[in-house]
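The structure appears below as structure tokens.
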There are 2 protein chains.
Amino acid sequence: MLNNTPELNALFHALADPARRAMVERLSRGPVSLGDLAQPLPMTLSAVMQHVKVLENAGLVSSEKVGRVRTCAIRPDTLSQAEKWINACRVEWEHRLDRLGEYLETLNNEGDDHGTDQ
Amino acid sequence: MLNNTPELNALFHALADPARRAMVERLSRGPVSLGDLAQPLPMTLSAVMQHVKVLENAGLVSSEKVGRVRTCAIRPDTLSQAEKWINACRVEWEHRLDRLGEYLETLNNEGDDHGTDQ
């Protein structure tokens with residue numbers, strides 16, 4: 001699996017905050033200025049900038065300043081890293097259920113065979 | 001989206017630690033005793049128990065003590081919550097790309113039409 005990546009630590013840490021998740025949701029719909037990103041959130045612009053920094057450090061968001069406006073954009077590849085890790089866990093889990101199902105099937109068939117023998 | 005759930009805060013916080021992710025990976029392959037879960041990890045049993053508590057509080061892991069052995073198991077439904085949230089963001093992002101593609105296509109066609117007129 002992809003576990004031993006410091007990127008995943010920063011990534012999941014960044015997503016552990018509801019304001020940062022709200023920003024990621026907003027940016028998933030397209031790039032916006034820092035002002036527009038801050039507008040619906042009940043916090044100061046300074047607090048929003050700190051959250052954006054955490055998202056940038058995690059590689060989830062990029063931002064660019066043109067003139068006086070800083071525009072933020074999502075980096076979907078990074079979000080995919082988290083999705084891949086969770087997905088890999090689910091695949092393991094489903095394999096296990098399949099194996100368990102096959103084992104129970106074998107036990108069941110063996111039971112039937114013994115039933116026929118008697 | 002499913003953003004405003006305190007569960008997601010605890011869930012992503014729990015996954016932000018590499019030792020806890022290693023435990024989730026191990027438990028995805030099936031339930032194990034606390035001792036076996038701790039065995040490959042370079043930390044004390046007490047530290048492992050603290051990590052398991054964080055995973056339990058996040059709803060990612062359940063544990064049961066029978067006699068002297070505590071057995072831990074994954075709770076895959078909780079992991080799916082995180083997967084669903086990330087997936088919803090990706091869907092938004094892909095919709096945006098589709099809309100952008102359609103818009104560019106329209107611009108392109110309009111350009112072609114103008115070309116024919118002249």
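Each chain of the structure tokens is named A, B, ... in the order shown, its residues numbered from 1; ligands are numbered from 1 in display order.
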Exercise. Can you pull out every residue within 10 Å of region 95-103 of chain A, counting only C-alpha atoms, but drop anything in the same chain fewer than 5 positions away, and send it as a ChimeraX atom specification?
Key: /A:89-90,108-109 /B:28-30
Quiz prompt | alpha helix (DSSP H) per DSSP on the backbone: members of chain B, as a PyMOL selection string | solution = chain B and resi 6-15+18-28+34-38+45-57+76-117
Could you dump the residues just selected with C-alpha atoms as a CSV table (one decimal), in the first residue's frame?
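Heads up, here's the output in part07.csv:
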chain,number,residue,atom,x,y,z
B,6,PRO,CA,-18.1,15.8,13.3
B,7,GLU,CA,-17.5,12.1,12.4
B,8,LEU,CA,-15.4,13.2,9.4
B,9,ASN,CA,-13.2,15.4,11.7
B,10,ALA,CA,-12.4,12.4,13.9
B,11,LEU,CA,-12.1,10.1,10.9
B,12,PHE,CA,-9.5,12.1,9.0
B,13,HIS,CA,-7.7,13.0,12.2
B,14,ALA,CA,-7.4,9.3,12.9
B,15,LEU,CA,-6.0,8.6,9.4
B,18,PRO,CA,1.1,6.5,9.8
B,19,ALA,CA,1.0,4.0,12.7
B,20,ARG,CA,-2.8,4.3,12.8
B,21,ARG,CA,-3.0,3.9,9.0
B,22,ALA,CA,-0.7,0.8,9.3
B,23,MET,CA,-3.2,-0.6,11.9
B,24,VAL,CA,-6.2,0.1,9.5
B,25,GLU,CA,-4.3,-1.7,6.7
B,26,ARG,CA,-3.6,-4.7,8.9
B,27,LEU,CA,-7.2,-4.9,10.1
B,28,SER,CA,-8.5,-4.6,6.6
B,34,LEU,CA,-4.0,-6.3,20.2
B,35,GLY,CA,-0.7,-8.1,20.7
B,36,ASP,CA,-0.5,-9.2,17.0
B,37,LEU,CA,-1.5,-5.6,15.9
B,38,ALA,CA,1.3,-4.2,18.0
B,45,LEU,CA,1.9,-1.8,23.8
B,46,SER,CA,0.6,1.2,25.7
B,47,ALA,CA,1.2,3.5,22.7
B,48,VAL,CA,-0.6,1.0,20.5
B,49,MET,CA,-3.5,1.0,22.9
B,50,GLN,CA,-3.7,4.8,22.7
B,51,HIS,CA,-3.8,4.7,18.9
B,52,VAL,CA,-6.5,2.0,19.0
B,53,LYS,CA,-8.5,4.3,21.2
B,54,VAL,CA,-8.3,7.1,18.7
B,55,LEU,CA,-9.4,4.7,15.9
B,56,GLU,CA,-12.2,3.4,18.2
B,57,ASN,CA,-13.4,7.0,18.9
B,76,PRO,CA,-15.5,-0.7,7.0
B,77,ASP,CA,-18.7,1.5,6.9
B,78,THR,CA,-16.8,4.3,8.6
B,79,LEU,CA,-13.9,4.1,6.2
B,80,SER,CA,-16.5,4.4,3.4
B,81,GLN,CA,-17.7,7.8,4.8
B,82,ALA,CA,-14.3,9.2,4.1
B,83,GLU,CA,-14.2,7.6,0.6
B,84,LYS,CA,-17.7,9.0,-0.1
B,85,TRP,CA,-16.7,12.5,0.8
B,86,ILE,CA,-13.5,12.5,-1.4
B,87,ASN,CA,-15.5,10.8,-4.2
B,88,ALA,CA,-18.1,13.6,-4.0
B,89,CYS,CA,-15.4,16.2,-4.4
B,90,ARG,CA,-13.9,14.3,-7.4
B,91,VAL,CA,-17.4,14.1,-9.1
B,92,GLU,CA,-17.8,17.9,-8.7
B,93,TRP,CA,-14.3,18.4,-10.2
B,94,GLU,CA,-15.0,16.1,-13.1
B,95,HIS,CA,-18.4,17.8,-13.8
B,96,ARG,CA,-16.5,21.1,-13.9
B,97,LEU,CA,-14.1,19.7,-16.4
B,98,ASP,CA,-17.0,18.4,-18.5
B,99,ARG,CA,-18.7,21.8,-18.4
B,100,LEU,CA,-15.4,23.5,-19.4
B,101,GLY,CA,-15.0,21.0,-22.2
B,102,GLU,CA,-18.5,21.7,-23.5
B,103,TYR,CA,-17.9,25.5,-23.3
B,104,LEU,CA,-14.6,25.2,-25.2
B,105,GLU,CA,-16.4,23.0,-27.8
B,106,THR,CA,-19.1,25.7,-28.2
B,107,LEU,CA,-16.5,28.4,-28.6
B,108,ASN,CA,-14.8,26.2,-31.2
B,109,ASN,CA,-18.0,25.6,-33.2
B,110,GLU,CA,-18.8,29.3,-33.1
B,111,GLY,CA,-15.4,30.0,-34.5
B,112,ASP,CA,-16.0,27.5,-37.3
B,113,ASP,CA,-19.4,29.1,-38.1
B,114,HIS,CA,-17.9,32.5,-38.3
B,115,GLY,CA,-15.2,31.0,-40.6
B,116,THR,CA,-17.9,29.6,-43.0
B,117,ASP,CA,-19.9,32.9,-43.0
Self-check item: Distance query Arg70 (chain B) at most 10 Å, only C-alpha atoms, self and fewer than 2 positions along chain excluded, as a PyMOL selection string
Solution: chain B and resi 32-35+63-68+72
Go ahead and dump the residues you just picked, N, CA and C atoms, as a short mmCIF file (atom, residue, chain, number, x, y, z; two decimals), in the first residue's frame.
data_model
loop_
_atom_site.label_atom_id
_atom_site.label_comp_id
_atom_site.auth_asym_id
_atom_site.auth_seq_id
_atom_site.Cartn_x
_atom_site.Cartn_y
_atom_site.Cartn_z
N VAL B 32 -7.53 -9.00 14.39
CA VAL B 32 -6.35 -9.56 15.09
C VAL B 32 -6.36 -9.14 16.55
N SER B 33 -5.58 -9.86 17.34
CA SER B 33 -5.44 -9.49 18.76
C SER B 33 -4.60 -8.22 18.85
N LEU B 34 -4.75 -7.52 19.97
CA LEU B 34 -4.00 -6.30 20.20
C LEU B 34 -2.49 -6.58 20.13
N GLY B 35 -2.09 -7.74 20.67
CA GLY B 35 -0.68 -8.12 20.66
C GLY B 35 -0.14 -8.27 19.25
N SER B 63 -13.28 -3.13 19.24
CA SER B 63 -12.47 -4.15 19.91
C SER B 63 -13.30 -4.83 20.99
N GLU B 64 -12.94 -6.08 21.24
CA GLU B 64 -13.69 -6.87 22.21
C GLU B 64 -12.70 -7.70 23.01
N LYS B 65 -12.91 -7.73 24.32
CA LYS B 65 -11.99 -8.50 25.16
C LYS B 65 -12.66 -9.81 25.56
N VAL B 66 -12.03 -10.90 25.21
CA VAL B 66 -12.53 -12.21 25.63
C VAL B 66 -11.42 -12.86 26.44
N GLY B 67 -11.68 -13.11 27.71
CA GLY B 67 -10.63 -13.61 28.61
C GLY B 67 -9.55 -12.56 28.73
N ARG B 68 -8.32 -12.91 28.39
CA ARG B 68 -7.23 -11.94 28.51
C ARG B 68 -6.85 -11.31 27.17
N CYS B 72 -9.19 -6.78 17.86
CA CYS B 72 -9.61 -5.57 17.16
C CYS B 72 -10.11 -5.94 15.76
#
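Distance annotation: of B:Thr5, B:Thr44, B:Gln39, B:Thr71, the residue with the minimal separation from chain A is B:Thr5; atom set is only C-alpha atoms.
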Exercise. Measure the distance from CA of Ile74 (chain A) to CA of Ser62 (chain A) in Å and round it to one decimal.
Key: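 Computing the Euclidean distance for CA of Ile74 (chain A) and CA of Ser62 (chain A) yields 6.4 Å.
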Exercise. Could you give me, as a list in words, each residue of chain A that DSSP assigns to strand (DSSP E) when run on this structure's backbone?
Key: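 These are the residues in question: Val32, Ser33, Val61, Ser62, Ser63, Glu64, Lys65, Val66, Val69, Arg70, Thr71, Cys72, Ala73 and Ile74 of chain A.
Closest approach to chain A among B:Ala73, B:Ala58, B:Met43, B:Ala16: B:Ala16, based on only C-alpha atoms.
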